[in-house]
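Student: There's a structure below that I have some questions on.
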Number of protein chains: 2
Amino acid sequence: MARTPKGFRDCFGIEVAERGRILSLIAEVYDRYGFDPLESPAVETVESLGKFLPDLDRPNAGVFAWQDDEDANWLALRYDLTAPLARVYAQHRNELPTPYRRYAMGPVWRNEKPGPGRFRQFYQCDADTVGSASPAADTEICAMLCDALECIGVSRGDYIVRINSRRVLNGVMEVAGILDPSKPERFAEERGIVLRAIDKLDRLGHRGVRALLGEGRRDESGDFTEGARLSDDQADMVMGFVEAGRPDISATLARLRELTSGSDTGATGVDELERIGESLDVQGYGSNRIEIDPSVVRGLGYYTGPVFEAELTFDITDEKGRRRRFGSVAGGGRYDDLVKRFTGQEVPATGISLGVDRLLAALRARGVGGAMTGPVLVTVMDRDRIGDYQAMVAELRGAGIRAEMYLGNPRNFGSQLRYADRRDCPFAIIQGTDERARDCLIVKNLALGKRLATEIASNEEWRNQPAQREIPRADLVSEISGCIGAAKRMR
Amino acid sequence: MARTPKGFRDCFGIEVAERGRILSLIAEVYDRYGFDPLESPAVETVESLGKFLPDLDRPNAGVFAWQDDEDANWLALRYDLTAPLARVYAQHRNELPTPYRRYAMGPVWRNEKPGPGRFRQFYQCDADTVGSASPAADTEICAMLCDALECIGVSRGDYIVRINSRRVLNGVMEVAGILDPSKPERFAEERGIVLRAIDKLDRLGHRGVRALLGEGRRDESGDFTEGARLSDDQADMVMGFVEAGRPDISATLARLRELTSGSDTGATGVDELERIGESLDVQGYGSNRIEIDPSVVRGLGYYTGPVFEAELTFDITDEKGRRRRFGSVAGGGRYDDLVKRFTGQEVPATGISLGVDRLLAALRARGVGGAMTGPVLVTVMDRDRIGDYQAMVAELRGAGIRAEMYLGNPRNFGSQLRYADRRDCPFAIIQGTDERARDCLIVKNLALGKRLATEIASNEEWRNQPAQREIPRADLVSEISGCIGAAKRMR
């Protein structure tokens with residue numbers, strides 16, 4: 001009965017603290033770039049959210065939705081931070097500056113089948129510029145993405161920001177005859193399948209994607225996914241695009257020009273990619289951080305121009321013990337039609353979304369980020385002298401030292417020490433009747449004690465271990481401050 | 001169509017930043033007291049949440065709930081952070097230390113009728129100790145509450161933490177014959193009405209509460225609220241308790257002893273209050289911060305012992321232009337039965353919940369908290385030299401200065417300056433062809449410009465105003481750093 005719902009989880013201590021730490025570091029970068037914070041509610045009308053989740057055809061599928069008692073509107077938990085931004089901008093556009101640059105951080109919810117490591121609530125951290133059609137807005141987002149990753153501790157060389165353009169893909173699809181600019185509604189379903197298939201290249205490989213472009217694909221479990229039913233020629237052209245990446249940017253661009261030859265959209269897309277690449281290079285974001293990669297398409301339907309993806313390039317060992325590349329931690333792009341749904345006018349916009357939980361996992365894998373320091377524990381030896389122990393705690397806290405008095409049943413001293421162990425307390429303070437009479441107390445260095453316990457296999461009486469010493473009562477704060485300082489210096 | 005759902009709102013810029021700032025200050029205090037962060041999901045099973053919201057009799061009323069596609073469980077958004085804590089503790093009790101001290105901050109949701117200033121999503125910031133029956137745990141919560149309020153900028157003297165005990169009220173109800181310890185289920189409904197009536201003393205006054213203890217009350221709108229139908233004698237006894245507060249703590253305690261005479265529960269409650277008051281006083285939290293106040297009962301049904309409330313004591317002018325006391329910003333107490341619902345065993349617990357949005361409003365009313373500083377705006381005079389402007393922005397950001405290049409359509413210079421005005425930009429950087437030829441640029445001090453504009457009613461050409469000066473291009477960063485430093489010193 002006492003259970004998190006399926007696909008939800010609790011985050012404890014250090015994980016919450018680390019997430020808070022990296023969110024505020026990223027916020028600092030976004031802030032320095034001139035972006036303003038925005039916090040929209042978790043709940044939106046289903047109508048405002050629209051249907052932009054990939055791979056979902058059921059009505060309201062993908063979101064947690066319910067009908068409001070107040071006005072019978074259907075409400076839903078936001079599934080990302082972009083759809084709410086479009087609503088916010090449309091609603092407040094007369095009061096907001098244009099361009100409007102905002103960042104937002106917080107949980108989003110997906111009503112999907114939960115699986116191992118796949119949760120139905122997770123954090124996103126987005127920055128977007130609404131109201132600018134300038135490619136400078138796109139390059140800025142890419143540069144800021146690099147800065148954000150580095151500021152939270154992802155080393156240069158451990159990540160790559162890959163850039164592509166939906167316009168180039170559209171050009172290829174024009175050439176292949178599955179996109180007719182004068183009849184955009186034709187083959188829309190097929191193009192959706194193509195998009196989602198390419199987005200799975202990492203997972204399914206060339207053969208899997210190729211199968212989805214054709215008749216379809218049966219996976220290991222036996223489930224069959226319908227394909228886009230392109231002709232072999234069409235599918236080859238799309239695969240040619242996906243695999244057009246070359247080690248050298250100008251070679252990639254040349255290949256893309258070839259593939260989109262005859263399509264204005266395609267040519268515009270390639271020009272755009274070239275300009276963004278050059279501009280980033282001039283600003284110091286060179287090929288060690290930025291790559292033009294035609295295989296990046298992003299699964300979401302609403303992108304209209306450049307798309308971006310940040311990938312961590314180091315290997316990790318997954319749950320099944322296999323080495324694999326860490327993979328994508330952020331994605332975004334230009335979406336010029338999202339606000340139009342509300343206002344009827346096209347409002348250009350571009351932005352990025354960071355997957356905070358995946359970034360946290362990545363930093364853990366790289367050993368970045370600290371451990372939670374437990375409090376100094378003032379033990380209770382004599383329950384009639386709670387006031388004395390409270391005074392010790394107050395002194396420590398007053399000096400900025402994390403401290404607490406043991407609040408469980410003090411009868412059993414062993415359970416006080418077990419508690420200290422579980423909390424990773426660095427020190428325990430002990431003052432029994434003897435020490436009280438001599439106006440002193442015992443400082444037990446638990447961290448050192450643990451080390452001694454593993455190094456020396458002896459079982460001496462705890463009072464005689466070198467990891468504890470008696471000090472005058474008056475020296476409490478100075479002694480603990482000194483020890484904590486020393487421990488920090490030793491690290 | 002582009003609308004927040006009824007009772008929800010968007011938070012922009014400074015409000016988001018200020019909330020983040022006070023939450024991290026409060027987290028620092030909680031942390032120093034030895035509390036660990038916890039973040040449970042926004043979504044819980046309805047079963048886990050239980051029904052503890054006051055004034056709500058409809059099934060699932062008060063919460064946003066829906067049925068899960070996965071397993072047909074009813075899910076709901078949490079309505080506070082206490083019910084989830086009980087679930088977390090029950091679920092993870094074998095891995096968690098006991099006592100478990102945790103803090104949690106985040107939004108909670110109430111499916112209630114929205115009204116002016118009454119939203120359906122708001123922030124709470126809680127700290128609780130689970131697994132300690134010691135009154136030292138309660139006193140610590142009260143002390144920490146004082147420290148948290150002061151650290152975010154509420155001055156001593158501007159707030160009071162009022163303490164009472166449910167046990168004393170239960171004692172009074174025993175004496176009045178509406179609580180029979182051997183048959184606790186009798187008059188449970190009446191006691192619920194009594195609790196909620198007392199909790200409204202602030203709003204309804206003596207007469208309103210008295211009416212609710214009797215037959216009931218018709219409000220200004222004509223709506224009738226059923227009363228507890230106590231006899232006159234019973235109602236008088238309850239009102240006697242509510243109004244037992246005396247300027248002097250010992251007089252209050254003496255009066256409470258009188259009122260609960262003959263009830264063991266009542267006597268225990270008064271002793272408990274006395275001990276907590278003394279202990280806080282010894283720790284320096286005296287009558288200028290802590291008060292024993294029998295009118296504090298807190299509306300929630302689950303409290304079993306001491307209850308606390310923090311009130312801000314200064315006046316504000318409300319929406320209707322009336323002066324009134326700011327009122328309650330935090331509440332809490334001891335709830336020993338909440339975990340029992342899951343485990344069958346009584347687990348003592350005590351804690352506090354701060355209403356973050358109300359605290360933010362209070363700080364604004366007191367003029368505490370800063371303004372958002374807009375970015376330095378690098379204007380675009382020549383759209384072929386975007387790269388040059390980007391380089392200026394990069395230099396400023398590299399020096400830690402918030403800066404951006406104008407990303408809207410640069411054709412109209414006036415709209416660039418209007419944008420800077422709307423963003424509260426402190427400076428605009430201008431480099432046209434002339435300045436470029438002389439390798440210099442113009443720094444326009446917009447803040448000073450605004451001041452001049454209000455002080456001097458002249459309409460000179462902007463290039464001649466003293467609020468702008470030409471500097472060598474190479475001096476950009478040092479000039480702006482210097483100006484920002486000077487502006488800070490002048491404040």
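Chain labels run A, B, ... following the order of the structure tokens; each chain numbers its residues from 1, and ligands are numbered from 1 in the order shown.
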Taking only C-alpha atoms into account, find every residue of chain A that has an atom no more than 7 Å from chain B, and write it out as a ChimeraX atom specification.
Tutor: /A:1-5,8-13,16-17,31-34,36-41,44-45,48,66,87,90-91,97-99,131-132,134,137,283,342,375,391,397,400-404,407-408,419,422-423
Student: Could you save the residues just selected, with N, CA and C atoms, as a short mmCIF file (atom, residue, chain, number, x, y, z; two decimals), in the first residue's frame?
Tutor:
```
data_model
loop_
_atom_site.label_atom_id
_atom_site.label_comp_id
_atom_site.auth_asym_id
_atom_site.auth_seq_id
_atom_site.Cartn_x
_atom_site.Cartn_y
_atom_site.Cartn_z
N MET A 1 0.82 -1.21 0.00
CA MET A 1 0.00 0.00 0.00
C MET A 1 0.87 1.27 0.00
N ALA A 2 1.93 1.26 0.82
CA ALA A 2 2.81 2.43 0.81
C ALA A 2 3.78 2.29 -0.36
N ARG A 3 3.36 2.72 -1.53
CA ARG A 3 4.16 2.53 -2.74
C ARG A 3 4.06 3.78 -3.60
N THR A 4 5.16 4.17 -4.22
CA THR A 4 5.07 5.17 -5.28
C THR A 4 4.26 4.55 -6.41
N PRO A 5 3.48 5.35 -7.15
CA PRO A 5 2.77 4.78 -8.29
C PRO A 5 3.79 4.25 -9.31
N PHE A 8 7.04 5.99 -11.01
CA PHE A 8 7.47 7.18 -10.25
C PHE A 8 8.48 6.74 -9.19
N ARG A 9 9.29 7.70 -8.72
CA ARG A 9 10.28 7.31 -7.72
C ARG A 9 10.55 8.47 -6.77
N ASP A 10 11.12 8.14 -5.62
CA ASP A 10 11.52 9.14 -4.64
C ASP A 10 13.00 9.43 -4.81
N CYS A 11 13.39 10.68 -4.64
CA CYS A 11 14.81 11.05 -4.68
C CYS A 11 15.24 11.51 -3.29
N PHE A 12 16.34 10.97 -2.83
CA PHE A 12 16.80 11.25 -1.47
C PHE A 12 18.11 12.05 -1.46
N GLY A 13 18.27 12.82 -0.40
CA GLY A 13 19.53 13.43 -0.02
C GLY A 13 20.40 13.95 -1.14
N VAL A 16 18.96 14.84 -4.61
CA VAL A 16 18.20 16.09 -4.65
C VAL A 16 19.17 17.27 -4.61
N ALA A 17 20.16 17.18 -3.72
CA ALA A 17 21.11 18.29 -3.56
C ALA A 17 21.91 18.50 -4.85
N ASP A 31 21.25 32.83 -17.37
CA ASP A 31 21.07 34.19 -16.91
C ASP A 31 22.10 35.12 -17.55
N ARG A 32 23.34 34.65 -17.60
CA ARG A 32 24.41 35.46 -18.17
C ARG A 32 24.15 35.72 -19.66
N TYR A 33 23.47 34.78 -20.29
CA TYR A 33 23.12 34.95 -21.71
C TYR A 33 21.89 35.85 -21.89
N GLY A 34 21.34 36.35 -20.80
CA GLY A 34 20.22 37.28 -20.90
C GLY A 34 18.84 36.63 -20.86
N ASP A 36 15.54 35.07 -19.05
CA ASP A 36 14.80 35.32 -17.82
C ASP A 36 14.10 34.04 -17.36
N PRO A 37 14.02 33.82 -16.05
CA PRO A 37 13.30 32.62 -15.59
C PRO A 37 11.79 32.74 -15.80
N LEU A 38 11.17 31.62 -16.05
CA LEU A 38 9.70 31.54 -16.17
C LEU A 38 9.28 30.25 -15.49
N GLU A 39 8.23 30.31 -14.70
CA GLU A 39 7.67 29.07 -14.19
C GLU A 39 6.18 29.04 -14.46
N SER A 40 5.80 28.22 -15.41
CA SER A 40 4.39 28.04 -15.73
C SER A 40 3.87 26.88 -14.88
N PRO A 41 2.56 26.77 -14.71
CA PRO A 41 2.05 25.69 -13.85
C PRO A 41 2.27 24.31 -14.45
N GLU A 44 -1.95 22.20 -17.53
CA GLU A 44 -2.39 23.01 -18.66
C GLU A 44 -3.70 22.42 -19.19
N THR A 45 -4.42 23.18 -20.00
CA THR A 45 -5.55 22.56 -20.68
C THR A 45 -4.98 21.66 -21.77
N SER A 48 -4.39 23.53 -24.92
CA SER A 48 -3.16 24.31 -25.02
C SER A 48 -1.97 23.43 -25.34
N TRP A 66 -7.30 14.71 -17.05
CA TRP A 66 -8.56 14.53 -16.33
C TRP A 66 -9.45 15.73 -16.63
N ARG A 87 2.12 28.55 -25.20
CA ARG A 87 0.89 29.08 -24.60
C ARG A 87 1.17 30.38 -23.84
N ALA A 90 1.81 33.26 -26.26
CA ALA A 90 0.58 33.70 -26.93
C ALA A 90 -0.30 34.48 -25.95
N GLN A 91 -0.35 34.02 -24.71
CA GLN A 91 -1.23 34.66 -23.73
C GLN A 91 -0.72 36.03 -23.27
N PRO A 97 8.66 41.24 -23.68
CA PRO A 97 9.54 41.81 -24.70
C PRO A 97 9.62 40.86 -25.90
N THR A 98 9.88 41.39 -27.06
CA THR A 98 10.15 40.54 -28.23
C THR A 98 11.49 40.95 -28.80
N PRO A 99 12.41 40.04 -29.01
CA PRO A 99 12.33 38.61 -28.69
C PRO A 99 12.20 38.36 -27.19
N GLY A 131 10.46 34.70 -31.03
CA GLY A 131 10.30 35.97 -31.73
C GLY A 131 11.53 36.40 -32.50
N SER A 132 12.49 35.51 -32.69
CA SER A 132 13.64 35.84 -33.52
C SER A 132 13.82 34.76 -34.58
N SER A 134 16.38 34.99 -36.59
CA SER A 134 17.80 35.09 -36.94
C SER A 134 18.55 33.80 -36.61
N ALA A 137 20.20 33.48 -33.31
CA ALA A 137 19.51 32.93 -32.15
C ALA A 137 19.81 31.44 -32.02
N GLN A 283 33.25 31.97 -33.17
CA GLN A 283 33.10 32.27 -31.75
C GLN A 283 33.87 31.30 -30.85
N PHE A 342 -2.02 29.32 -31.62
CA PHE A 342 -2.85 30.17 -30.77
C PHE A 342 -3.19 31.49 -31.45
N PRO A 375 25.52 15.40 9.57
CA PRO A 375 25.67 16.39 10.65
C PRO A 375 26.58 15.86 11.75
N ALA A 391 22.20 23.05 23.88
CA ALA A 391 23.08 24.22 23.84
C ALA A 391 24.31 23.94 22.97
N ARG A 397 25.65 25.01 15.33
CA ARG A 397 24.87 25.59 14.23
C ARG A 397 25.16 27.06 14.08
N GLY A 400 27.76 27.82 11.91
CA GLY A 400 27.57 27.37 10.53
C GLY A 400 27.86 25.89 10.32
N ILE A 401 27.99 25.14 11.43
CA ILE A 401 28.30 23.71 11.32
C ILE A 401 27.00 22.91 11.39
N ARG A 402 26.83 22.00 10.45
CA ARG A 402 25.65 21.14 10.41
C ARG A 402 25.68 20.23 11.64
N ALA A 403 24.67 20.29 12.47
CA ALA A 403 24.71 19.54 13.73
C ALA A 403 23.31 19.21 14.20
N GLU A 404 23.21 18.15 14.98
CA GLU A 404 21.92 17.81 15.58
C GLU A 404 22.13 17.02 16.86
N LEU A 407 17.63 12.44 18.55
CA LEU A 407 16.24 12.61 18.98
C LEU A 407 15.49 11.29 19.14
N GLY A 408 16.17 10.17 18.88
CA GLY A 408 15.53 8.88 19.12
C GLY A 408 15.56 8.56 20.61
N TYR A 419 22.96 5.10 14.37
CA TYR A 419 22.30 6.21 13.67
C TYR A 419 23.35 7.11 13.02
N ARG A 422 24.71 5.54 9.94
CA ARG A 422 23.77 5.59 8.82
C ARG A 422 23.70 6.99 8.21
N ARG A 423 23.82 8.02 9.05
CA ARG A 423 23.75 9.39 8.56
C ARG A 423 25.10 9.87 8.02
#
```
Student: Considering only C-alpha atoms, return as a PyMOL selection string whatever protein or nucleic-acid residues lie within 9 Å of Glu309 (chain A), sequence-local ones (same chain, fewer than 2 positions apart) excluded.
Tutor: chain A and resi 160-164+296-298+307+311+328-333+352
Student: Would you output that residue set with all heavy atoms, as a compact mmCIF listing (two decimals), in the first residue's frame?
Tutor:
```txt
# COMPACT_ATOMS: atom_id res chain seq x y z
N ILE A 160 29.64 16.30 -27.59
CA ILE A 160 29.61 16.93 -28.91
C ILE A 160 28.18 17.45 -29.14
O ILE A 160 27.21 16.79 -28.76
CB ILE A 160 30.04 15.92 -30.01
CG1 ILE A 160 30.26 16.61 -31.34
CG2 ILE A 160 29.04 14.77 -30.17
CD1 ILE A 160 31.68 17.07 -31.53
N VAL A 161 28.08 18.66 -29.69
CA VAL A 161 26.77 19.17 -30.07
C VAL A 161 26.62 18.96 -31.57
O VAL A 161 27.41 19.48 -32.36
CB VAL A 161 26.62 20.66 -29.71
CG1 VAL A 161 25.31 21.23 -30.27
CG2 VAL A 161 26.66 20.83 -28.19
N ARG A 162 25.65 18.14 -31.94
CA ARG A 162 25.45 17.80 -33.34
C ARG A 162 24.29 18.62 -33.89
O ARG A 162 23.26 18.76 -33.24
CB ARG A 162 25.20 16.31 -33.46
CG ARG A 162 26.36 15.51 -32.81
CD ARG A 162 26.27 14.03 -33.05
NE ARG A 162 25.09 13.45 -32.45
CZ ARG A 162 24.55 12.30 -32.86
NH1 ARG A 162 25.10 11.63 -33.86
NH2 ARG A 162 23.48 11.83 -32.27
N ILE A 163 24.50 19.15 -35.08
CA ILE A 163 23.52 20.06 -35.68
C ILE A 163 23.07 19.52 -37.03
O ILE A 163 23.87 18.95 -37.78
CB ILE A 163 24.14 21.46 -35.87
CG1 ILE A 163 24.66 21.98 -34.53
CG2 ILE A 163 23.14 22.42 -36.47
CD1 ILE A 163 25.32 23.33 -34.63
N ASN A 164 21.81 19.70 -37.29
CA ASN A 164 21.27 19.36 -38.61
C ASN A 164 20.16 20.35 -38.92
O ASN A 164 19.87 21.24 -38.10
CB ASN A 164 20.74 17.92 -38.60
CG ASN A 164 20.45 17.40 -39.99
OD1 ASN A 164 20.88 17.97 -40.99
ND2 ASN A 164 19.70 16.31 -40.07
N VAL A 296 20.96 13.46 -37.24
CA VAL A 296 20.19 14.06 -36.15
C VAL A 296 18.91 14.66 -36.71
O VAL A 296 18.96 15.58 -37.51
CB VAL A 296 21.00 15.19 -35.47
CG1 VAL A 296 20.12 15.94 -34.45
CG2 VAL A 296 22.23 14.63 -34.80
N VAL A 297 17.76 14.13 -36.34
CA VAL A 297 16.51 14.75 -36.82
C VAL A 297 15.56 15.14 -35.69
O VAL A 297 14.70 15.97 -35.85
CB VAL A 297 15.75 13.86 -37.82
CG1 VAL A 297 16.59 13.60 -39.06
CG2 VAL A 297 15.32 12.56 -37.17
N ARG A 298 15.72 14.54 -34.50
CA ARG A 298 14.80 14.75 -33.37
C ARG A 298 13.41 14.25 -33.74
O ARG A 298 12.88 14.58 -34.79
CB ARG A 298 14.71 16.22 -32.93
CG ARG A 298 16.02 16.92 -32.65
CD ARG A 298 16.81 16.36 -31.51
NE ARG A 298 16.04 16.28 -30.26
CZ ARG A 298 16.35 15.49 -29.25
NH1 ARG A 298 17.40 14.69 -29.31
NH2 ARG A 298 15.62 15.48 -28.16
N VAL A 307 18.06 21.70 -36.09
CA VAL A 307 17.83 20.89 -34.89
C VAL A 307 19.18 20.59 -34.26
O VAL A 307 20.19 20.50 -34.96
CB VAL A 307 17.08 19.57 -35.20
CG1 VAL A 307 15.61 19.82 -35.49
CG2 VAL A 307 17.71 18.83 -36.36
N GLU A 311 25.40 15.15 -27.28
CA GLU A 311 25.65 13.76 -26.93
C GLU A 311 26.90 13.68 -26.06
O GLU A 311 27.88 14.39 -26.32
CB GLU A 311 25.86 12.95 -28.20
CG GLU A 311 25.73 11.46 -27.95
CD GLU A 311 26.12 10.62 -29.17
OE1 GLU A 311 26.33 11.20 -30.23
OE2 GLU A 311 26.22 9.41 -29.02
N SER A 328 22.61 10.76 -25.81
CA SER A 328 22.01 12.10 -25.84
C SER A 328 21.60 12.60 -24.46
O SER A 328 21.03 11.87 -23.66
CB SER A 328 20.78 12.04 -26.75
OG SER A 328 20.09 13.26 -26.70
N VAL A 329 21.89 13.87 -24.17
CA VAL A 329 21.47 14.48 -22.91
C VAL A 329 20.69 15.77 -23.13
O VAL A 329 20.16 16.35 -22.17
CB VAL A 329 22.66 14.80 -21.97
CG1 VAL A 329 23.26 13.50 -21.42
CG2 VAL A 329 23.73 15.62 -22.69
N ALA A 330 20.63 16.23 -24.38
CA ALA A 330 19.90 17.48 -24.64
C ALA A 330 19.51 17.52 -26.10
O ALA A 330 20.21 16.95 -26.95
CB ALA A 330 20.77 18.69 -24.32
N GLY A 331 18.40 18.15 -26.38
CA GLY A 331 17.98 18.28 -27.76
C GLY A 331 17.11 19.49 -27.94
O GLY A 331 16.51 19.99 -26.98
N GLY A 332 17.07 19.98 -29.16
CA GLY A 332 16.21 21.12 -29.41
C GLY A 332 16.24 21.50 -30.87
O GLY A 332 16.66 20.71 -31.71
N GLY A 333 15.80 22.70 -31.13
CA GLY A 333 15.78 23.15 -32.52
C GLY A 333 14.85 24.32 -32.70
O GLY A 333 14.33 24.89 -31.73
N ILE A 352 16.40 24.87 -26.60
CA ILE A 352 17.08 23.62 -26.22
C ILE A 352 16.48 23.10 -24.92
O ILE A 352 16.05 23.87 -24.08
CB ILE A 352 18.60 23.87 -26.05
CG1 ILE A 352 19.37 22.58 -25.88
CG2 ILE A 352 18.88 24.80 -24.88
CD1 ILE A 352 19.55 21.84 -27.16
```
Student: Using only C-alpha atoms, which of the listed residues (B:Met239, B:Asp128, B:Asp439, B:Gly266) sits closest to Glu174 (chain B)?
Tutor: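 Ranked by minimum distance to Glu174 (chain B), first place goes to B:Gly266.
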Student: Using DSSP secondary structure from the backbone, list all strand (DSSP E or B) positions within region 265-437 of chain B, as a PyMOL selection string.
Tutor: chain B and resi 290-292+306-317+323-334+349-355+376-378+403-405+427-430
Student: Save out the residues we just selected, C-alpha atoms, as a JSON list (two decimals), in the first residue's frame.
Tutor:
```
[["chain", "number", "residue", "atom", "x", "y", "z"],
["B", 290, "ILE", "CA", 7.30, 32.46, 20.86],
["B", 291, "GLU", "CA", 3.81, 32.66, 22.36],
["B", 292, "ILE", "CA", 1.48, 30.06, 23.83],
["B", 306, "PRO", "CA", 1.69, 20.37, 19.90],
["B", 307, "VAL", "CA", 0.63, 22.55, 16.98],
["B", 308, "PHE", "CA", 2.54, 25.60, 15.70],
["B", 309, "GLU", "CA", 1.76, 28.57, 13.57],
["B", 310, "ALA", "CA", 3.95, 31.46, 12.43],
["B", 311, "GLU", "CA", 2.18, 34.72, 11.95],
["B", 312, "LEU", "CA", 3.55, 37.92, 10.49],
["B", 313, "THR", "CA", 2.45, 40.69, 12.79],
["B", 314, "PHE", "CA", 2.78, 43.77, 10.59],
["B", 315, "ASP", "CA", -0.14, 45.33, 8.73],
["B", 316, "ILE", "CA", -0.60, 45.39, 5.00],
["B", 317, "THR", "CA", -3.21, 46.94, 2.78],
["B", 323, "ARG", "CA", -5.40, 47.63, 6.59],
["B", 324, "ARG", "CA", -5.06, 44.16, 8.06],
["B", 325, "ARG", "CA", -2.52, 41.97, 9.78],
["B", 326, "PHE", "CA", -0.50, 39.96, 7.27],
["B", 327, "GLY", "CA", -1.33, 36.73, 9.12],
["B", 328, "SER", "CA", -0.22, 33.13, 8.98],
["B", 329, "VAL", "CA", 2.72, 32.03, 6.80],
["B", 330, "ALA", "CA", 3.56, 28.66, 8.31],
["B", 331, "GLY", "CA", 1.91, 25.93, 10.30],
["B", 332, "GLY", "CA", 2.60, 22.50, 11.62],
["B", 333, "GLY", "CA", 2.55, 20.21, 14.58],
["B", 334, "ARG", "CA", 2.89, 16.69, 15.85],
["B", 349, "ALA", "CA", 6.36, 12.64, 13.86],
["B", 350, "THR", "CA", 6.41, 16.42, 13.97],
["B", 351, "GLY", "CA", 7.03, 19.12, 11.44],
["B", 352, "ILE", "CA", 6.35, 22.48, 9.87],
["B", 353, "SER", "CA", 5.18, 23.71, 6.50],
["B", 354, "LEU", "CA", 6.01, 27.18, 5.18],
["B", 355, "GLY", "CA", 3.74, 28.83, 2.65],
["B", 376, "VAL", "CA", 23.63, 44.72, -21.26],
["B", 377, "LEU", "CA", 22.19, 45.02, -24.77],
["B", 378, "VAL", "CA", 24.56, 45.03, -27.73],
["B", 403, "ALA", "CA", 24.67, 40.47, -21.88],
["B", 404, "GLU", "CA", 22.95, 39.78, -25.15],
["B", 405, "MET", "CA", 22.86, 40.89, -28.77],
["B", 427, "PHE", "CA", 23.41, 49.74, -20.79],
["B", 428, "ALA", "CA", 23.12, 49.61, -24.55],
["B", 429, "ILE", "CA", 26.24, 49.22, -26.69],
["B", 430, "ILE", "CA", 26.14, 50.91, -30.09]]
```
Student: Considering only C-alpha atoms, return as a list in words whatever protein or nucleic-acid residues lie within 8 Å of Ser165 (chain B), sequence-local ones (same chain, fewer than 4 positions apart) excluded.
Tutor: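 Result of the neighbour search: Leu169, Gly269, Val270, Glu272, Leu273, Pro294, Val297, Thr304, Gly305, Pro306 and Val307 of chain B.
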Student: Store the residues of this selection in a file with C-alpha atoms, as a PDB file, in the first residue's frame.
Tutor:
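Writing the result to part-v2.pdb gives the following:
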```pdb
ATOM      1  CA  LEU B 169      -8.143  20.992  23.369  1.00  0.00           C
ATOM      2  CA  GLY B 269      -1.032  18.714  27.146  1.00  0.00           C
ATOM      3  CA  VAL B 270      -0.503  21.643  29.492  1.00  0.00           C
ATOM      4  CA  GLU B 272       3.946  19.563  27.373  1.00  0.00           C
ATOM      5  CA  LEU B 273       3.256  23.202  26.459  1.00  0.00           C
ATOM      6  CA  PRO B 294      -4.902  28.449  22.792  1.00  0.00           C
ATOM      7  CA  VAL B 297      -5.569  24.650  16.526  1.00  0.00           C
ATOM      8  CA  THR B 304      -2.124  14.734  17.865  1.00  0.00           C
ATOM      9  CA  GLY B 305       0.024  16.960  20.100  1.00  0.00           C
ATOM     10  CA  PRO B 306       1.689  20.370  19.896  1.00  0.00           C
ATOM     11  CA  VAL B 307       0.631  22.552  16.975  1.00  0.00           C
TER      12      VAL B 307
END
```
Student: So which residues of region 29-196 of chain B fall under helix (DSSP H, G or I) by DSSP, listed as a PyMOL selection string?
Tutor: chain B and resi 29-32+46-49+82-92+135-151+166-176+188-196
Student: Write out as a list in words the residues lying within 7 Å of Ser295 (chain A), counting only C-alpha atoms and excluding same-chain residues fewer than 5 positions away.
Tutor: Ile198, Val242 and Glu243 of chain A
Student: Would you write out those residues with N, CA, C and O atoms, as a tab-separated table (two decimals), in the first residue's frame?
Tutor:
```
chain	number	residue	atom	x	y	z
A	198	ILE	N	14.40	7.61	-38.34
A	198	ILE	CA	15.78	8.14	-38.31
A	198	ILE	C	16.21	8.42	-36.87
A	198	ILE	O	17.34	8.17	-36.48
A	242	VAL	N	20.81	10.31	-44.26
A	242	VAL	CA	21.15	9.98	-42.88
A	242	VAL	C	22.65	9.71	-42.74
A	242	VAL	O	23.27	10.05	-41.74
A	243	GLU	N	23.22	9.12	-43.80
A	243	GLU	CA	24.63	8.73	-43.71
A	243	GLU	C	25.54	9.68	-44.49
A	243	GLU	O	26.63	9.29	-44.91
```
Student: Please identify all polymer residues within 10 Å of Arg438 (chain B), counting only C-alpha atoms, omitting same-chain residues fewer than 5 positions from it, and present them as a list of chain:residue names.
Tutor: B:Thr433, B:Pro472, B:Arg473
Student: Calculate how many Å separate CA of Leu149 (chain A) from CA of Ser287 (chain A), rounding to one decimal.
Tutor: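 CA of Leu149 (chain A) sits 16.1 Å away from CA of Ser287 (chain A).
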